[in-house]
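J.: So that you have it, the file is upload-v2.pdb, and it contains PDB, C-alpha atoms (C1' of nucleotides):
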```
ATOM      1  CA  MET M   1     -23.062  44.407 -33.791
ATOM      2  CA  GLN M   2     -23.842  42.013 -31.015
ATOM      3  CA  PHE M   3     -25.359  42.367 -27.611
ATOM      4  CA  SER M   4     -22.841  42.206 -24.808
ATOM      5  CA  SER M   5     -22.546  38.909 -22.991
ATOM      6  CA  ARG M   6     -24.304  40.450 -19.997
ATOM      7  CA  LEU M   7     -27.634  38.853 -20.907
ATOM      8  CA  THR M   8     -26.216  35.349 -21.044
ATOM      9  CA  ILE M   9     -24.054  35.936 -17.967
ATOM     10  CA  ALA M  10     -27.034  37.281 -16.020
ATOM     11  CA  THR M  11     -29.111  34.276 -17.038
ATOM     12  CA  HIS M  12     -26.291  31.960 -16.034
ATOM     13  CA  ILE M  13     -26.189  33.712 -12.650
ATOM     14  CA  LEU M  14     -29.918  33.286 -12.090
ATOM     15  CA  LEU M  15     -29.818  29.639 -13.121
ATOM     16  CA  CYS M  16     -27.075  29.033 -10.564
ATOM     17  CA  ILE M  17     -28.916  30.920  -7.832
ATOM     18  CA  GLU M  18     -31.994  28.812  -8.377
ATOM     19  CA  ASN M  19     -30.164  25.550  -8.868
ATOM     20  CA  PHE M  20     -27.864  25.822  -5.849
ATOM     21  CA  LYS M  21     -30.189  27.651  -3.471
ATOM     22  CA  ASP M  22     -30.452  24.679  -1.113
ATOM     23  CA  SER M  23     -26.907  23.387  -1.322
ATOM     24  CA  CYS M  24     -24.426  26.277  -1.398
ATOM     25  CA  LYS M  25     -24.073  29.922  -0.528
ATOM     26  CA  VAL M  26     -24.095  31.501  -3.971
ATOM     27  CA  THR M  27     -21.430  34.209  -3.790
ATOM     28  CA  SER M  28     -19.855  36.260  -6.544
ATOM     29  CA  ASN M  29     -16.784  34.057  -6.255
ATOM     30  CA  PHE M  30     -18.800  30.908  -6.646
ATOM     31  CA  LEU M  31     -20.632  32.351  -9.648
ATOM     32  CA  ALA M  32     -17.432  33.622 -11.226
ATOM     33  CA  GLY M  33     -16.116  30.076 -10.986
ATOM     34  CA  SER M  34     -19.077  28.625 -12.852
ATOM     35  CA  ILE M  35     -19.140  31.341 -15.497
ATOM     36  CA  ASN M  36     -15.371  31.452 -15.737
ATOM     37  CA  THR M  37     -15.013  35.184 -15.422
ATOM     38  CA  ASN M  38     -13.963  37.731 -12.828
ATOM     39  CA  PRO M  39     -15.948  38.132  -9.577
ATOM     40  CA  VAL M  40     -16.227  41.882 -10.176
ATOM     41  CA  ILE M  41     -18.013  41.282 -13.466
ATOM     42  CA  VAL M  42     -20.445  39.103 -11.547
ATOM     43  CA  ARG M  43     -20.912  41.657  -8.781
ATOM     44  CA  ASN M  44     -21.654  44.398 -11.285
ATOM     45  CA  ILE M  45     -24.256  42.334 -13.096
ATOM     46  CA  LEU M  46     -25.697  41.148  -9.784
ATOM     47  CA  GLY M  47     -25.957  44.821  -8.862
ATOM     48  CA  GLN M  48     -27.980  45.493 -12.014
ATOM     49  CA  LEU M  49     -30.238  42.517 -11.293
ATOM     50  CA  SER M  50     -30.672  43.771  -7.748
ATOM     51  CA  SER M  51     -31.527  47.321  -8.883
ATOM     52  CA  ALA M  52     -34.126  45.781 -11.166
ATOM     53  CA  GLY M  53     -35.674  43.922  -8.224
ATOM     54  CA  ILE M  54     -34.847  40.506  -9.618
ATOM     55  CA  VAL M  55     -32.434  39.357  -6.912
ATOM     56  CA  GLU M  56     -31.615  40.207  -3.339
ATOM     57  CA  ILE M  57     -28.064  40.223  -2.106
ATOM     58  CA  LYS M  58     -26.924  39.757   1.454
ATOM     59  CA  ALA M  59     -24.260  42.374   2.056
ATOM     60  CA  GLY M  60     -21.480  41.395   4.418
ATOM     61  CA  VAL M  61     -22.490  37.804   4.895
ATOM     62  CA  GLY M  62     -22.777  37.218   1.161
ATOM     63  CA  GLY M  63     -25.040  35.254  -1.110
ATOM     64  CA  ALA M  64     -27.682  36.058  -3.718
ATOM     65  CA  PHE M  65     -31.330  34.992  -3.875
ATOM     66  CA  LEU M  66     -34.217  35.457  -6.265
ATOM     67  CA  ALA M  67     -36.397  38.351  -5.174
ATOM     68  CA  ARG M  68     -39.475  36.715  -6.679
ATOM     69  CA  SER M  69     -40.565  33.384  -8.015
ATOM     70  CA  SER M  70     -38.776  32.048 -11.084
ATOM     71  CA  ASN M  71     -42.023  31.963 -13.052
ATOM     72  CA  GLU M  72     -42.311  35.726 -12.558
ATOM     73  CA  ILE M  73     -38.911  36.427 -14.109
ATOM     74  CA  THR M  74     -38.727  36.559 -17.896
ATOM     75  CA  LEU M  75     -35.803  36.907 -20.267
ATOM     76  CA  LEU M  76     -37.135  40.381 -21.017
ATOM     77  CA  ASP M  77     -36.829  41.350 -17.347
ATOM     78  CA  ILE M  78     -33.234  40.172 -17.384
ATOM     79  CA  PHE M  79     -32.502  41.876 -20.682
ATOM     80  CA  LYS M  80     -33.877  45.201 -19.493
ATOM     81  CA  ALA M  81     -31.933  44.920 -16.270
ATOM     82  CA  VAL M  82     -28.573  44.600 -18.006
ATOM     83  CA  GLU M  83     -28.986  46.503 -21.279
ATOM     84  CA  LYS M  84     -29.702  50.116 -20.577
ATOM     85  CA  GLU M  85     -30.395  51.407 -24.079
ATOM     86  CA  GLU M  86     -34.060  52.264 -24.461
ATOM     87  CA  SER M  87     -33.919  51.874 -28.228
ATOM     88  CA  LEU M  88     -32.327  49.015 -30.105
ATOM     89  CA  PHE M  89     -31.760  51.086 -33.219
ATOM     90  CA  HIS M  90     -29.600  54.074 -33.771
ATOM     91  CA  PHE M  91     -30.533  56.930 -36.047
ATOM     92  CA  HIS M  92     -28.078  59.210 -37.778
ATOM     93  CA  GLU M  93     -29.358  62.230 -35.930
ATOM     94  CA  ASN M  94     -29.022  65.179 -38.278
ATOM     95  CA  PRO M  95     -30.448  64.464 -41.703
ATOM     96  CA  ASN M  96     -30.643  67.434 -44.049
ATOM     97  CA  LEU M  97     -34.018  69.098 -43.547
ATOM     98  CA  GLN M  98     -33.769  70.810 -46.941
ATOM     99  CA  CYS M  99     -34.133  67.370 -48.500
ATOM    100  CA  PRO M 100     -37.631  65.854 -48.607
ATOM    101  CA  ILE M 101     -36.222  62.441 -47.716
ATOM    102  CA  GLY M 102     -33.982  63.781 -44.962
ATOM    103  CA  ARG M 103     -36.957  65.657 -43.543
ATOM    104  CA  ASN M 104     -39.197  62.566 -43.374
ATOM    105  CA  VAL M 105     -36.985  59.499 -42.935
ATOM    106  CA  HIS M 106     -37.186  59.650 -39.196
ATOM    107  CA  SER M 107     -40.948  59.697 -38.870
ATOM    108  CA  VAL M 108     -41.416  56.937 -41.444
ATOM    109  CA  MET M 109     -38.772  54.659 -39.943
ATOM    110  CA  ASP M 110     -39.463  55.146 -36.249
ATOM    111  CA  GLU M 111     -42.730  53.255 -36.251
ATOM    112  CA  LYS M 112     -41.191  50.337 -38.136
ATOM    113  CA  LEU M 113     -38.157  50.118 -35.861
ATOM    114  CA  GLU M 114     -40.410  50.157 -32.815
ATOM    115  CA  LYS M 115     -42.430  47.277 -34.181
ATOM    116  CA  ILE M 116     -39.279  45.266 -34.793
ATOM    117  CA  GLN M 117     -38.013  45.903 -31.296
ATOM    118  CA  TYR M 118     -41.419  45.034 -29.885
ATOM    119  CA  ALA M 119     -41.397  41.696 -31.713
ATOM    120  CA  MET M 120     -38.072  40.866 -30.148
ATOM    121  CA  GLU M 121     -39.110  41.923 -26.658
ATOM    122  CA  ASN M 122     -42.369  40.069 -26.941
ATOM    123  CA  GLU M 123     -40.491  36.868 -27.719
ATOM    124  CA  MET M 124     -38.215  37.440 -24.732
ATOM    125  CA  ASP M 125     -41.198  38.036 -22.506
ATOM    126  CA  ASN M 126     -42.503  34.570 -23.302
ATOM    127  CA  ILE M 127     -39.486  32.816 -21.828
ATOM    128  CA  THR M 128     -39.428  32.494 -18.048
ATOM    129  CA  LEU M 129     -36.576  31.572 -15.782
ATOM    130  CA  GLU M 130     -38.768  28.732 -14.520
ATOM    131  CA  GLN M 131     -38.780  27.193 -18.017
ATOM    132  CA  LEU M 132     -35.029  27.510 -18.346
ATOM    133  CA  VAL M 133     -34.475  25.948 -14.935
ATOM    134  CA  LYS M 134     -36.765  23.085 -15.818
ATOM    135  CA  GLU M 135     -35.006  22.433 -19.110
ATOM    136  CA  ILE M 136     -31.545  22.572 -17.615
ATOM    137  CA  LYS M 137     -32.515  20.237 -14.786
ATOM    138  CA  GLU M 138     -33.685  17.727 -17.351
ATOM    139  CA  LYS M 139     -30.257  17.811 -18.927
ATOM    140  CA  ILE M 140     -28.376  17.466 -15.659
TER     141      ILE M 140
ATOM    142  CA  MET Q   1     -25.996  48.138 -26.898
ATOM    143  CA  GLN Q   2     -27.408  49.607 -30.040
ATOM    144  CA  PHE Q   3     -27.112  48.703 -33.658
ATOM    145  CA  SER Q   4     -24.872  51.002 -35.620
ATOM    146  CA  SER Q   5     -26.582  53.656 -37.666
ATOM    147  CA  ARG Q   6     -25.713  51.734 -40.826
ATOM    148  CA  LEU Q   7     -29.207  50.277 -41.116
ATOM    149  CA  THR Q   8     -30.912  53.650 -41.021
ATOM    150  CA  ILE Q   9     -28.273  55.232 -43.243
ATOM    151  CA  ALA Q  10     -28.607  52.411 -45.784
ATOM    152  CA  THR Q  11     -32.378  52.803 -45.784
ATOM    153  CA  HIS Q  12     -32.028  56.549 -46.211
ATOM    154  CA  ILE Q  13     -29.732  55.887 -49.157
ATOM    155  CA  LEU Q  14     -32.212  53.526 -50.832
ATOM    156  CA  LEU Q  15     -35.095  55.929 -50.282
ATOM    157  CA  CYS Q  16     -33.098  58.667 -51.986
ATOM    158  CA  ILE Q  17     -32.092  56.408 -54.878
ATOM    159  CA  GLU Q  18     -35.712  55.520 -55.514
ATOM    160  CA  ASN Q  19     -37.086  58.999 -54.938
ATOM    161  CA  PHE Q  20     -34.591  60.877 -57.094
ATOM    162  CA  LYS Q  21     -34.028  58.277 -59.794
ATOM    163  CA  ASP Q  22     -35.701  60.401 -62.476
ATOM    164  CA  SER Q  23     -34.478  63.820 -61.425
ATOM    165  CA  CYS Q  24     -30.850  63.657 -60.275
ATOM    166  CA  LYS Q  25     -27.726  61.575 -60.555
ATOM    167  CA  VAL Q  26     -27.568  60.044 -57.081
ATOM    168  CA  THR Q  27     -23.879  60.179 -56.157
ATOM    169  CA  SER Q  28     -22.188  59.578 -52.825
ATOM    170  CA  ASN Q  29     -21.799  63.326 -52.482
ATOM    171  CA  PHE Q  30     -25.467  63.934 -53.101
ATOM    172  CA  LEU Q  31     -26.412  61.233 -50.581
ATOM    173  CA  ALA Q  32     -23.942  62.490 -48.002
ATOM    174  CA  GLY Q  33     -25.633  65.873 -48.309
ATOM    175  CA  SER Q  34     -29.066  64.458 -47.573
ATOM    176  CA  ILE Q  35     -27.891  62.225 -44.729
ATOM    177  CA  ASN Q  36     -25.518  64.857 -43.404
ATOM    178  CA  THR Q  37     -22.493  62.653 -43.164
ATOM    179  CA  ASN Q  38     -19.253  62.026 -44.983
ATOM    180  CA  PRO Q  39     -19.236  60.744 -48.596
ATOM    181  CA  VAL Q  40     -16.859  57.929 -47.619
ATOM    182  CA  ILE Q  41     -19.362  56.601 -45.095
ATOM    183  CA  VAL Q  42     -21.914  56.561 -47.897
ATOM    184  CA  ARG Q  43     -19.551  54.874 -50.337
ATOM    185  CA  ASN Q  44     -18.734  52.135 -47.835
ATOM    186  CA  ILE Q  45     -22.380  51.407 -47.127
ATOM    187  CA  LEU Q  46     -23.201  51.602 -50.827
ATOM    188  CA  GLY Q  47     -20.434  49.055 -51.332
ATOM    189  CA  GLN Q  48     -22.092  46.718 -48.845
ATOM    190  CA  LEU Q  49     -25.457  47.171 -50.537
ATOM    191  CA  SER Q  50     -23.810  46.488 -53.880
ATOM    192  CA  SER Q  51     -22.101  43.311 -52.615
ATOM    193  CA  ALA Q  52     -25.485  42.161 -51.369
ATOM    194  CA  GLY Q  53     -26.974  42.672 -54.831
ATOM    195  CA  ILE Q  54     -29.342  45.405 -53.707
ATOM    196  CA  VAL Q  55     -27.901  48.278 -55.721
ATOM    197  CA  GLU Q  56     -25.754  48.797 -58.766
ATOM    198  CA  ILE Q  57     -23.168  51.513 -58.914
ATOM    199  CA  LYS Q  58     -21.787  53.143 -62.008
ATOM    200  CA  ALA Q  59     -18.047  53.376 -61.470
ATOM    201  CA  GLY Q  60     -16.324  56.367 -63.004
ATOM    202  CA  VAL Q  61     -19.436  58.143 -64.206
ATOM    203  CA  GLY Q  62     -21.120  57.834 -60.842
ATOM    204  CA  GLY Q  63     -24.620  57.196 -59.605
ATOM    205  CA  ALA Q  64     -26.431  54.388 -57.788
ATOM    206  CA  PHE Q  65     -29.518  52.440 -58.830
ATOM    207  CA  LEU Q  66     -31.661  49.708 -57.338
ATOM    208  CA  ALA Q  67     -30.606  46.299 -58.633
ATOM    209  CA  ARG Q  68     -34.152  45.000 -58.289
ATOM    210  CA  SER Q  69     -37.645  46.265 -57.749
ATOM    211  CA  SER Q  70     -38.368  48.057 -54.476
ATOM    212  CA  ASN Q  71     -41.012  45.483 -53.569
ATOM    213  CA  GLU Q  72     -38.315  42.828 -53.643
ATOM    214  CA  ILE Q  73     -36.121  44.605 -51.116
ATOM    215  CA  THR Q  74     -36.973  44.160 -47.454
ATOM    216  CA  LEU Q  75     -35.564  45.738 -44.315
ATOM    217  CA  LEU Q  76     -34.069  42.331 -43.537
ATOM    218  CA  ASP Q  77     -32.159  42.377 -46.817
ATOM    219  CA  ILE Q  78     -30.774  45.773 -45.914
ATOM    220  CA  PHE Q  79     -29.994  44.729 -42.357
ATOM    221  CA  LYS Q  80     -28.093  41.647 -43.449
ATOM    222  CA  ALA Q  81     -26.181  43.670 -45.998
ATOM    223  CA  VAL Q  82     -24.816  46.105 -43.435
ATOM    224  CA  GLU Q  83     -24.596  44.090 -40.187
ATOM    225  CA  LYS Q  84     -22.240  41.220 -40.642
ATOM    226  CA  GLU Q  85     -22.683  39.355 -37.340
ATOM    227  CA  GLU Q  86     -24.474  36.079 -37.897
ATOM    228  CA  SER Q  87     -25.721  35.964 -34.313
ATOM    229  CA  LEU Q  88     -27.345  38.808 -32.444
ATOM    230  CA  PHE Q  89     -26.362  37.458 -29.050
ATOM    231  CA  HIS Q  90     -22.988  36.935 -27.518
ATOM    232  CA  PHE Q  91     -22.133  34.062 -25.241
ATOM    233  CA  HIS Q  92     -19.446  34.091 -22.578
ATOM    234  CA  GLU Q  93     -17.527  31.362 -24.312
ATOM    235  CA  ASN Q  94     -15.836  29.338 -21.581
ATOM    236  CA  PRO Q  95     -18.244  28.342 -18.828
ATOM    237  CA  ASN Q  96     -16.874  25.908 -16.270
ATOM    238  CA  LEU Q  97     -17.632  22.399 -17.478
ATOM    239  CA  GLN Q  98     -17.206  21.003 -13.950
ATOM    240  CA  CYS Q  99     -20.384  22.884 -13.025
ATOM    241  CA  PRO Q 100     -23.693  21.324 -14.136
ATOM    242  CA  ILE Q 101     -25.040  24.760 -15.019
ATOM    243  CA  GLY Q 102     -21.878  25.813 -16.823
ATOM    244  CA  ARG Q 103     -21.966  22.581 -18.777
ATOM    245  CA  ASN Q 104     -25.555  23.052 -19.989
ATOM    246  CA  VAL Q 105     -26.283  26.775 -20.188
ATOM    247  CA  HIS Q 106     -25.234  27.014 -23.782
ATOM    248  CA  SER Q 107     -27.458  24.265 -25.145
ATOM    249  CA  VAL Q 108     -30.490  25.477 -23.196
ATOM    250  CA  MET Q 109     -30.070  29.126 -24.176
ATOM    251  CA  ASP Q 110     -29.090  28.758 -27.820
ATOM    252  CA  GLU Q 111     -32.489  27.650 -28.996
ATOM    253  CA  LYS Q 112     -34.196  30.518 -27.144
ATOM    254  CA  LEU Q 113     -31.823  33.131 -28.477
ATOM    255  CA  GLU Q 114     -32.334  31.844 -32.004
ATOM    256  CA  LYS Q 115     -36.076  32.160 -31.652
ATOM    257  CA  ILE Q 116     -35.737  35.730 -30.432
ATOM    258  CA  GLN Q 117     -33.503  36.654 -33.326
ATOM    259  CA  TYR Q 118     -35.857  34.945 -35.736
ATOM    260  CA  ALA Q 119     -38.792  36.976 -34.414
ATOM    261  CA  MET Q 120     -36.873  40.167 -35.063
ATOM    262  CA  GLU Q 121     -35.768  39.132 -38.531
ATOM    263  CA  ASN Q 122     -39.233  37.973 -39.432
ATOM    264  CA  GLU Q 123     -40.615  41.387 -38.571
ATOM    265  CA  MET Q 124     -37.945  43.039 -40.684
ATOM    266  CA  ASP Q 125     -38.738  40.766 -43.573
ATOM    267  CA  ASN Q 126     -42.312  42.056 -43.622
ATOM    268  CA  ILE Q 127     -41.278  45.618 -44.390
ATOM    269  CA  THR Q 128     -40.434  46.368 -48.015
ATOM    270  CA  LEU Q 129     -38.668  49.350 -49.467
ATOM    271  CA  GLU Q 130     -41.746  49.843 -51.630
ATOM    272  CA  GLN Q 131     -43.873  50.416 -48.521
ATOM    273  CA  LEU Q 132     -41.382  52.878 -47.088
ATOM    274  CA  VAL Q 133     -41.211  54.780 -50.369
ATOM    275  CA  LYS Q 134     -44.975  54.924 -50.518
ATOM    276  CA  GLU Q 135     -45.283  56.227 -46.984
ATOM    277  CA  ILE Q 136     -42.602  58.840 -47.391
ATOM    278  CA  LYS Q 137     -44.106  60.082 -50.659
ATOM    279  CA  GLU Q 138     -47.391  60.590 -48.860
ATOM    280  CA  LYS Q 139     -45.644  62.828 -46.367
ATOM    281  CA  ILE Q 140     -43.793  64.848 -48.979
TER     282      ILE Q 140
ATOM    283  C1'  DT Y   1     -14.220  43.197  19.808
ATOM    284  C1'  DA Y   2     -11.327  41.378  16.368
ATOM    285  C1'  DT Y   3     -11.429  38.318  12.551
ATOM    286  C1'  DT Y   4     -13.098  36.568   8.345
ATOM    287  C1'  DG Y   5     -15.398  36.485   4.206
ATOM    288  C1'  DT Y   6     -18.135  39.097   1.459
ATOM    289  C1'  DT Y   7     -20.143  43.089  -1.221
ATOM    290  C1'  DG Y   8     -19.900  47.668  -3.582
ATOM    291  C1'  DT Y   9     -17.349  50.585  -6.240
ATOM    292  C1'  DA Y  10     -13.560  53.227  -8.244
ATOM    293  C1'  DA Y  11      -9.704  53.134 -11.303
ATOM    294  C1'  DT Y  12      -7.079  51.278 -14.941
ATOM    295  C1'  DC Y  13      -6.173  48.692 -19.207
ATOM    296  C1'  DA Y  14      -6.340  46.511 -23.778
ATOM    297  C1'  DA Y  15      -9.225  45.359 -27.506
ATOM    298  C1'  DA Y  16     -12.992  46.268 -30.551
ATOM    299  C1'  DT Y  17     -16.234  49.094 -32.946
ATOM    300  C1'  DC Y  18     -17.967  53.384 -34.865
ATOM    301  C1'  DA Y  19     -18.206  57.541 -37.281
ATOM    302  C1'  DA Y  20     -15.525  61.009 -39.441
ATOM    303  C1'  DT Y  21     -11.864  62.434 -42.179
ATOM    304  C1'  DT Y  22      -7.828  62.832 -45.525
ATOM    305  C1'  DA Y  23      -5.645  60.999 -49.323
ATOM    306  C1'  DC Y  24      -5.168  58.919 -53.571
ATOM    307  C1'  DA Y  25      -5.394  55.433 -57.301
ATOM    308  C1'  DA Y  26      -8.636  53.742 -60.793
ATOM    309  C1'  DC Y  27     -12.328  54.375 -63.766
ATOM    310  C1'  DT Y  28     -15.585  56.559 -67.364
ATOM    311  C1'  DG Y  29     -17.496  59.819 -70.499
ATOM    312  C1'  DC Y  30     -16.647  63.893 -72.779
TER     313       DC Y  30
ATOM    314  C1'  DG T   1      -6.271  64.698 -71.319
ATOM    315  C1'  DC T   2      -9.736  66.473 -68.045
ATOM    316  C1'  DA T   3     -13.419  66.422 -64.677
ATOM    317  C1'  DG T   4     -16.137  64.043 -61.746
ATOM    318  C1'  DT T   5     -16.744  59.939 -59.474
ATOM    319  C1'  DT T   6     -15.896  55.455 -57.037
ATOM    320  C1'  DG T   7     -13.108  52.211 -54.157
ATOM    321  C1'  DT T   8     -10.159  51.751 -50.532
ATOM    322  C1'  DA T   9      -6.461  52.423 -47.162
ATOM    323  C1'  DA T  10      -4.981  54.868 -43.161
ATOM    324  C1'  DT T  11      -5.732  57.687 -39.171
ATOM    325  C1'  DT T  12      -8.234  59.716 -35.362
ATOM    326  C1'  DG T  13     -11.208  60.285 -31.247
ATOM    327  C1'  DA T  14     -15.033  58.536 -28.764
ATOM    328  C1'  DT T  15     -17.371  54.772 -26.742
ATOM    329  C1'  DT T  16     -18.098  50.098 -25.079
ATOM    330  C1'  DT T  17     -16.553  45.703 -23.344
ATOM    331  C1'  DG T  18     -14.464  42.554 -20.430
ATOM    332  C1'  DA T  19     -10.763  41.850 -17.157
ATOM    333  C1'  DT T  20      -8.247  43.190 -13.316
ATOM    334  C1'  DT T  21      -6.409  45.381  -8.906
ATOM    335  C1'  DA T  22      -7.461  47.726  -4.918
ATOM    336  C1'  DC T  23      -9.898  48.942  -1.022
ATOM    337  C1'  DA T  24     -13.618  50.674   2.044
ATOM    338  C1'  DA T  25     -17.967  49.076   4.142
ATOM    339  C1'  DC T  26     -20.521  45.478   6.064
ATOM    340  C1'  DA T  27     -22.273  41.437   8.947
ATOM    341  C1'  DA T  28     -21.903  37.168  11.385
ATOM    342  C1'  DT T  29     -19.398  34.829  14.780
ATOM    343  C1'  DA T  30     -15.675  33.127  17.521
TER     344       DA T  30
END
```
Would you give me this structure, written as structure tokens?
T.:
Amino acid sequence: MQFSSRLTIATHILLCIENFKDSCKVTSNFLAGSINTNPVIVRNILGQLSSAGIVEIKAGVGGAFLARSSNEITLLDIFKAVEKEESLFHFHENPNLQCPIGRNVHSVMDEKLEKIQYAMENEMDNITLEQLVKEIKEKI
Amino acid sequence: MQFSSRLTIATHILLCIENFKDSCKVTSNFLAGSINTNPVIVRNILGQLSSAGIVEIKAGVGGAFLARSSNEITLLDIFKAVEKEESLFHFHENPNLQCPIGRNVHSVMDEKLEKIQYAMENEMDNITLEQLVKEIKEKI
DNA sequence: TATTGTTGTAATCAAATCAATTACAACTGC
DNA sequence: GCAGTTGTAATTGATTTGATTACAACAATA
């Protein structure tokens, strides 16, 4: 199992928006060219980022912009915008309740799985778009 | 995106093996009954656990046993046994190298994604089967 | 107002993964 | 040899992904 590429595509999109904000109109076509994918893929992900309040999109005229400062956008914000599953883990839903293990697996595991997911999200929350922009500008 | 249910099924399997080791022969049929799934699903996951050196299976006569003590088996061991992907995240593989962002996204993101995955795995590594067995026995 | 370039969205498609299932050969102890 | 079990291949339906075509709605501007 792997996450979809939507997280990395969305991050790529935001890096472009921030990097080219003063030089180009950042359209779905432009972005698709940088990412090397289809403009519709970009528009769909941009739509998710827009619904999440991360970007604003100019309909008609075109172009995408950050809806808030890059230091107020974390990888967790981006992740939650593009991955809709509330829970990372997936339980086999109907264990046998006649069995003492089947009856109690869920309650014992749930707390652990939550903690694991929290650790991951916490790490994501510590990475801001601002940091990523800074690091990529150093490389350019 | 969600992980498959193999992690929770595998954990369920190991909890049963440990819990019933003195009272029943723990076969794939028995396990399938507790999990409420098909015996072949159980046999495949048991096969993965066996390849990973976590359980031993008696061919012919039947029955599964832990290959080492329950305090030497962590959730991370189980996870790695049943989820084969080395990397949790998935990159769009062909960004446009003409674009400064496309050329550098990968190197900037990789380190971050590794850290996130490491945080998750580290949390998993802190949970032993022994703990889970203890907690579930308290509930029974 | 008509044109142009853009966004939003629906529909379709192929590939991959999952979970479930049937089937059957191979193995072991009795 | 028999019974019960494991290992594994093959198939199926559902779901997700990523790519693509198509087109209506929109906004600036010439």
J.: So which residues touch range 15-28 of chain Y within 7 Å, counting only C-alpha atoms (C1' of nucleotides), skipping near sequence neighbours fewer than 3 positions away, as an MDAnalysis selection string?
T.: chainID Q and resid 38 59:61
J.: I'd like to know which of M:His12, M:Asp77, M:Asn126, M:Asn44 is closest to chain T, using all atoms listed in the file.
T.: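 The shortest atom-to-atom distance to chain T comes from M:Asn44.
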J.: Identify every residue of chain T that has at least one atom within 12 Å of any atom of chain M, counting all atoms listed in the file, and report the result as a short mmCIF file (atom, residue, chain, number, x, y, z; two decimals) with C-alpha atoms (C1' of nucleotides), keeping the file's coordinate frame.
T.:
```cif
data_model
loop_
_atom_site.label_atom_id
_atom_site.label_comp_id
_atom_site.auth_asym_id
_atom_site.auth_seq_id
_atom_site.Cartn_x
_atom_site.Cartn_y
_atom_site.Cartn_z
"C1'" DT T 16 -18.10 50.10 -25.08
"C1'" DT T 17 -16.55 45.70 -23.34
"C1'" DG T 18 -14.46 42.55 -20.43
"C1'" DA T 19 -10.76 41.85 -17.16
"C1'" DT T 20 -8.25 43.19 -13.32
"C1'" DT T 21 -6.41 45.38 -8.91
"C1'" DA T 22 -7.46 47.73 -4.92
"C1'" DA T 25 -17.97 49.08 4.14
"C1'" DC T 26 -20.52 45.48 6.06
"C1'" DA T 27 -22.27 41.44 8.95
"C1'" DA T 28 -21.90 37.17 11.38
"C1'" DT T 29 -19.40 34.83 14.78
#
```
J.: Using CA of Lys21 in chain M and C1' of DT3 in chain Y as the two end points, give the distance in Å to one decimal.
T.: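 Value for the CA of Lys21 in chain M-C1' of DT3 in chain Y distance: 26.9 Å.
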J.: Taking the file as shown, what set of residues would the PyMOL selection byres ((chain M) within 7 of (chain Q)) give back, as a PyMOL selection string?
T.: chain M and resi 1-5+8-9+12+16+33-36+83+85+88-92+94-96+99-102+104-105+108+116-117+119-120+123-124+132+135-136+140
J.: I need the contact residues of chain Y against chain M, so if you could list those with any atom within 9 Å, counting all atoms listed in the file, and return them as a VMD selection string, that would help.
T.: chain Y and resid 5 to 8 17
J.: Restricting the calculation to all atoms listed in the file, which member of M:Leu129, M:Ile17, M:Ala81, M:Cys24 is positioned closest to Leu49 in chain M?
T.: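 Smallest distance to Leu49 in chain M is found for M:Ala81.
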J.: What does the structure give for the distance between CA of Ile54 in chain Q and CA of Ile78 in chain Q, in Å to one decimal?
T.: 7.9 Å
J.: So how many Å separate CA of Val42 in chain M and C1' of DA14 in chain T, to one decimal?
T.: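 Pair CA of Val42 in chain M / C1' of DA14 in chain T returns 26.5 Å.
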J.: If you take every atom of range 42-45 of chain Q that the file lists and fit an axis-aligned box around them with 8 Å extra on each side, what centre and edge lengths come out in Å to one decimal, as AutoDock Vina command-line options?
T.:
```
--center_x -20.6 --center_y 54.0 --center_z -48.7 --size_x 19.6 --size_y 21.2 --size_z 19.2
```
